[in-house]
Amino acid sequence: MSTEDLEALLRVTAPGYVGETPPEVAFGHVDTPVGRLTLAVTGRGVAVCSYDDEHAVFERVFRLIGSFIGPDPRRLDPVRRELEAYFAGRLRAFSTPVDLRLATGFSRTVTQMMLAVPYGQVTTYQEIAQRIGRPQALRAVANALNGNPVCVIVPCHRAVESPGSSGTPGSSGTPGSAYAGGPAAKEHLLRLEGAIG
């Protein structure tokens, strides 16, 4: 990347920048009870709602989705409002569309399965593996869910080791470490939804 390109990129990604043309990807973050979530929203929907470091997410979005990235409250604020309502217990289903371009192949299939799991309910890794026709792929399912680029909105936290547990394979009923936000975040989300006591 040339110096001129870098300077232009820094200018359009600076806080408060509002250009005549909205960025290809709106980029920002929201602070939640389970930590800071990095957001990237395209014209198709939310492409990223991630616990990952903003710089790592920015690089991945830049490389795989688009190079015109910047703040755009017109796209970010509706997502932030829905997340705030969800964490306040006022929202059970997100209406914001998702853009799963960053989830590919097997991971996309697994991630899409989670969109059908209702608020307050859980499914197991085994059930997901069977639904996608790969009954032996428990570890692969857990890894795909851990890589979900749209955490919380695509509720990968609703996948558990077995009925009555809230964890990953081998966790014996404790919140799972396969969740990208970690076991405490997974437990918080499942308690918020009433899926565990």
# chains A, B, ... in the order shown; residues from 1 in each chain; ligands from 1
$ residues_around --residues "Val141 in chain A" --least-positions-apart "5" --cutoff "8 Å" --atoms "only C-alpha atoms" --output "JSON, numbers by chain"
{"A": [107, 110, 125, 128, 129]}
$ closest_residue --among "A:Leu190, A:Ala116, A:Ala185, A:Ala47" --to "Val150 in chain A" --atoms "only C-alpha atoms"
A:Ala47
$ closest_residue --among "A:Leu64, A:Val160, A:Val46, A:Val25" --to "Ile196 in chain A" --atoms "only C-alpha atoms"
A:Val160
$ select_by_dssp --residues "range 31-194 of chain A" --states "strand (DSSP E or B)" --output "ChimeraX atom specification"
/A:31-32,35-41,46-50,69-70,98,123-124,150,159-160
$ closest_residue --among "A:Pro22, A:Pro97, A:Gly35, A:Gly105" --to "Gly70 in chain A" --atoms "only C-alpha atoms"
A:Pro22
$ atom_distance --atom1 "CA of Cys156 in chain A" --atom2 "CA of Arg81 in chain A"
20.3 Å
$ residues_around --residues "Val154 in chain A" --least-positions-apart "3" --cutoff "7 Å" --atoms "only C-alpha atoms" --output "number ranges by chain"
A: 114-115, 150-151
$ residues_around --residues "Phe58 in chain A" --least-positions-apart "6" --cutoff "12 Å" --atoms "only C-alpha atoms" --output "list in words"
Leu9, Thr13, Val25, Ala26, Phe27, Gly28, His29, Thr38, Leu39, Ala40, Val41, Ala47, Val48, Cys49, Ser50, Asp52, Leu64, Ile65, Gly66, Ser67, Phe68, Ile69, Gly70 and Pro71 of chain A
$ closest_residue --among "A:Pro23, A:Gly120, A:Gly43, A:Pro73" --to "Arg158 in chain A" --atoms "only C-alpha atoms"
A:Gly120
$ select_by_dssp --residues "chain A" --states "alpha helix (DSSP H)" --output "VMD selection string"
chain A and resid 3 to 12 54 to 64 73 to 87 105 to 114 125 to 131 138 to 146 183 to 192
$ decode --residues "range 27-42 of chain A" --atoms "N, CA, C and O atoms" --output "PDB file, in the first residue's frame"
ATOM      1  N   PHE A  27     -17.597   0.588   9.918  1.00  0.00           N
ATOM      2  CA  PHE A  27     -16.750  -0.092  10.890  1.00  0.00           C
ATOM      3  C   PHE A  27     -16.792   0.658  12.215  1.00  0.00           C
ATOM      4  O   PHE A  27     -16.710   1.883  12.251  1.00  0.00           O
ATOM      5  N   GLY A  28     -16.941  -0.069  13.307  1.00  0.00           N
ATOM      6  CA  GLY A  28     -16.961   0.550  14.629  1.00  0.00           C
ATOM      7  C   GLY A  28     -16.996  -0.504  15.713  1.00  0.00           C
ATOM      8  O   GLY A  28     -16.620  -1.656  15.488  1.00  0.00           O
ATOM      9  N   HIS A  29     -17.477  -0.118  16.880  1.00  0.00           N
ATOM     10  CA  HIS A  29     -17.572  -1.065  17.987  1.00  0.00           C
ATOM     11  C   HIS A  29     -18.719  -0.671  18.904  1.00  0.00           C
ATOM     12  O   HIS A  29     -19.288   0.414  18.784  1.00  0.00           O
ATOM     13  N   VAL A  30     -19.049  -1.582  19.803  1.00  0.00           N
ATOM     14  CA  VAL A  30     -20.053  -1.323  20.828  1.00  0.00           C
ATOM     15  C   VAL A  30     -19.590  -2.026  22.102  1.00  0.00           C
ATOM     16  O   VAL A  30     -19.087  -3.153  22.049  1.00  0.00           O
ATOM     17  N   ASP A  31     -19.705  -1.337  23.233  1.00  0.00           N
ATOM     18  CA  ASP A  31     -19.369  -1.941  24.514  1.00  0.00           C
ATOM     19  C   ASP A  31     -20.610  -2.617  25.075  1.00  0.00           C
ATOM     20  O   ASP A  31     -21.698  -2.025  25.088  1.00  0.00           O
ATOM     21  N   THR A  32     -20.449  -3.864  25.524  1.00  0.00           N
ATOM     22  CA  THR A  32     -21.575  -4.666  26.012  1.00  0.00           C
ATOM     23  C   THR A  32     -21.206  -5.305  27.351  1.00  0.00           C
ATOM     24  O   THR A  32     -20.026  -5.286  27.743  1.00  0.00           O
ATOM     25  N   PRO A  33     -22.161  -5.909  28.022  1.00  0.00           N
ATOM     26  CA  PRO A  33     -21.852  -6.609  29.277  1.00  0.00           C
ATOM     27  C   PRO A  33     -20.876  -7.783  29.111  1.00  0.00           C
ATOM     28  O   PRO A  33     -20.290  -8.233  30.088  1.00  0.00           O
ATOM     29  N   VAL A  34     -20.701  -8.276  27.887  1.00  0.00           N
ATOM     30  CA  VAL A  34     -19.758  -9.379  27.658  1.00  0.00           C
ATOM     31  C   VAL A  34     -18.471  -8.901  26.996  1.00  0.00           C
ATOM     32  O   VAL A  34     -17.675  -9.706  26.524  1.00  0.00           O
ATOM     33  N   GLY A  35     -18.263  -7.596  26.958  1.00  0.00           N
ATOM     34  CA  GLY A  35     -17.038  -7.036  26.391  1.00  0.00           C
ATOM     35  C   GLY A  35     -17.316  -6.200  25.162  1.00  0.00           C
ATOM     36  O   GLY A  35     -18.445  -6.061  24.706  1.00  0.00           O
ATOM     37  N   ARG A  36     -16.240  -5.641  24.634  1.00  0.00           N
ATOM     38  CA  ARG A  36     -16.337  -4.812  23.427  1.00  0.00           C
ATOM     39  C   ARG A  36     -16.488  -5.715  22.206  1.00  0.00           C
ATOM     40  O   ARG A  36     -15.739  -6.663  22.021  1.00  0.00           O
ATOM     41  N   LEU A  37     -17.480  -5.374  21.379  1.00  0.00           N
ATOM     42  CA  LEU A  37     -17.705  -6.104  20.138  1.00  0.00           C
ATOM     43  C   LEU A  37     -17.351  -5.194  18.965  1.00  0.00           C
ATOM     44  O   LEU A  37     -17.817  -4.053  18.894  1.00  0.00           O
ATOM     45  N   THR A  38     -16.530  -5.691  18.074  1.00  0.00           N
ATOM     46  CA  THR A  38     -16.167  -4.973  16.859  1.00  0.00           C
ATOM     47  C   THR A  38     -17.241  -5.249  15.819  1.00  0.00           C
ATOM     48  O   THR A  38     -17.645  -6.397  15.627  1.00  0.00           O
ATOM     49  N   LEU A  39     -17.683  -4.199  15.148  1.00  0.00           N
ATOM     50  CA  LEU A  39     -18.754  -4.314  14.165  1.00  0.00           C
ATOM     51  C   LEU A  39     -18.273  -3.909  12.778  1.00  0.00           C
ATOM     52  O   LEU A  39     -17.515  -2.954  12.635  1.00  0.00           O
ATOM     53  N   ALA A  40     -18.732  -4.637  11.769  1.00  0.00           N
ATOM     54  CA  ALA A  40     -18.545  -4.257  10.369  1.00  0.00           C
ATOM     55  C   ALA A  40     -19.862  -4.542   9.669  1.00  0.00           C
ATOM     56  O   ALA A  40     -20.382  -5.659   9.750  1.00  0.00           O
ATOM     57  N   VAL A  41     -20.415  -3.518   9.027  1.00  0.00           N
ATOM     58  CA  VAL A  41     -21.715  -3.641   8.373  1.00  0.00           C
ATOM     59  C   VAL A  41     -21.564  -3.249   6.913  1.00  0.00           C
ATOM     60  O   VAL A  41     -21.066  -2.170   6.591  1.00  0.00           O
ATOM     61  N   THR A  42     -22.002  -4.133   6.029  1.00  0.00           N
ATOM     62  CA  THR A  42     -21.964  -3.875   4.591  1.00  0.00           C
ATOM     63  C   THR A  42     -23.371  -3.527   4.112  1.00  0.00           C
ATOM     64  O   THR A  42     -24.313  -3.530   4.901  1.00  0.00           O
TER      65      THR A  42
END
